[in-house]
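For reference, the structure is listed below as structure tokens.
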Amino acid sequence: MDMLRGRVWKYGSNINTDVIIPGRYCHITDPEELAKYCMADLDPEFVNKVQRGDVIVAGANFGCGSSREVAPLSIKASGTAAVVAPSFARIFYRNAINMGFPIFESAEAFDQIDEGDEVEIDPSKGKIRDLTKGTEYQAAAFPDFLQAIMARGGLRGYAEERLAEESAPTS
């Protein structure tokens, strides 16, 4: 995966999937349309402020609540490059991987990084650098097989590639 770099948008703990993408928008299947409502009930101006490559830094238990694949999809479609938090709800974690959206667990980064800071993330190493403050934090790097899923845009892309490889004629 490529290096990620962007401005930080900071939120608190227990950010629920119901505020990441409110239920009234879950019927939308087009990611670009879905992105227009990302964080709508928590931060109505988020979609107007966020720039491609920006990073959300949030508190513990990010993505709790309903199992909604559209939650990480709406964040990804908004142009946000990643989410950093001390912990993620397990179902959100899995859905993010399935959607090919990088997330990083680091309590120290949440404690020290401020909204508006410029950060750089090396997904292959789990290194999070706060370029504004000149500090660095370590998150767990994704194992190789999860990096492979992410590199193909998510589980669907990974599965399609694997199936194509297995069905390719051998000579």
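Chain lettering (A, B, ...) mirrors the order of the structure tokens, residue numbering begins at 1 for each chain separately, and ligand numbering begins at 1 in order of display.
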
Taking the DSSP assignment computed from this structure's backbone, write out as a ChimeraX atom specification all residues of stretch 33-145 of chain A that belong to strand (DSSP E).
-> /A:55-57,82-85,103-105,118-122,127-130,135-138

Fewer than 2 positions away in the same chain doesn't count, so skip those; otherwise give me all residues within 8 Å of stretch 70-83 of chain A, counting only C-alpha atoms, as number ranges by chain.
-> A: 4-6, 17, 20-21, 26, 31-32, 34-38, 47, 50-58, 63, 68, 85, 92, 95-96, 99, 101-104

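Those residues of stretch 112-163 of chain A that DSSP, working from the backbone, places in helix (DSSP H, G or I) are Gln112, Asp144, Phe145, Leu146, Gln147, Ala148, Ile149, Met150, Ala151, Leu155, Arg156, Gly157, Tyr158, Ala159, Glu160, Glu161, Arg162 and Leu163 of chain A.
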
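Across the model, the gap from atom CA of A:Ile128 to atom CA of A:Phe110 is 10.8 Å.
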
Just the residues within 8 Å of A:Gln147, please, counting only C-alpha atoms, with nothing from its chain fewer than 4 positions along; format it as a PyMOL selection string.
-> chain A and resi 1+124+142-143+151

Can you pull out every residue within 12 Å of A:Asn61, counting only C-alpha atoms, but drop anything in the same chain fewer than 4 positions away, and send it as a VMD selection string?
-> chain A and resid 11 to 17 57 65 83 to 93 105 to 107

Selection near A:Gly126, 6 Å with only C-alpha atoms, sequence-local residues under 6 positions removed, as a list of chain:residue names = A:Gln138, A:Ala139, A:Ala140, A:Ala141
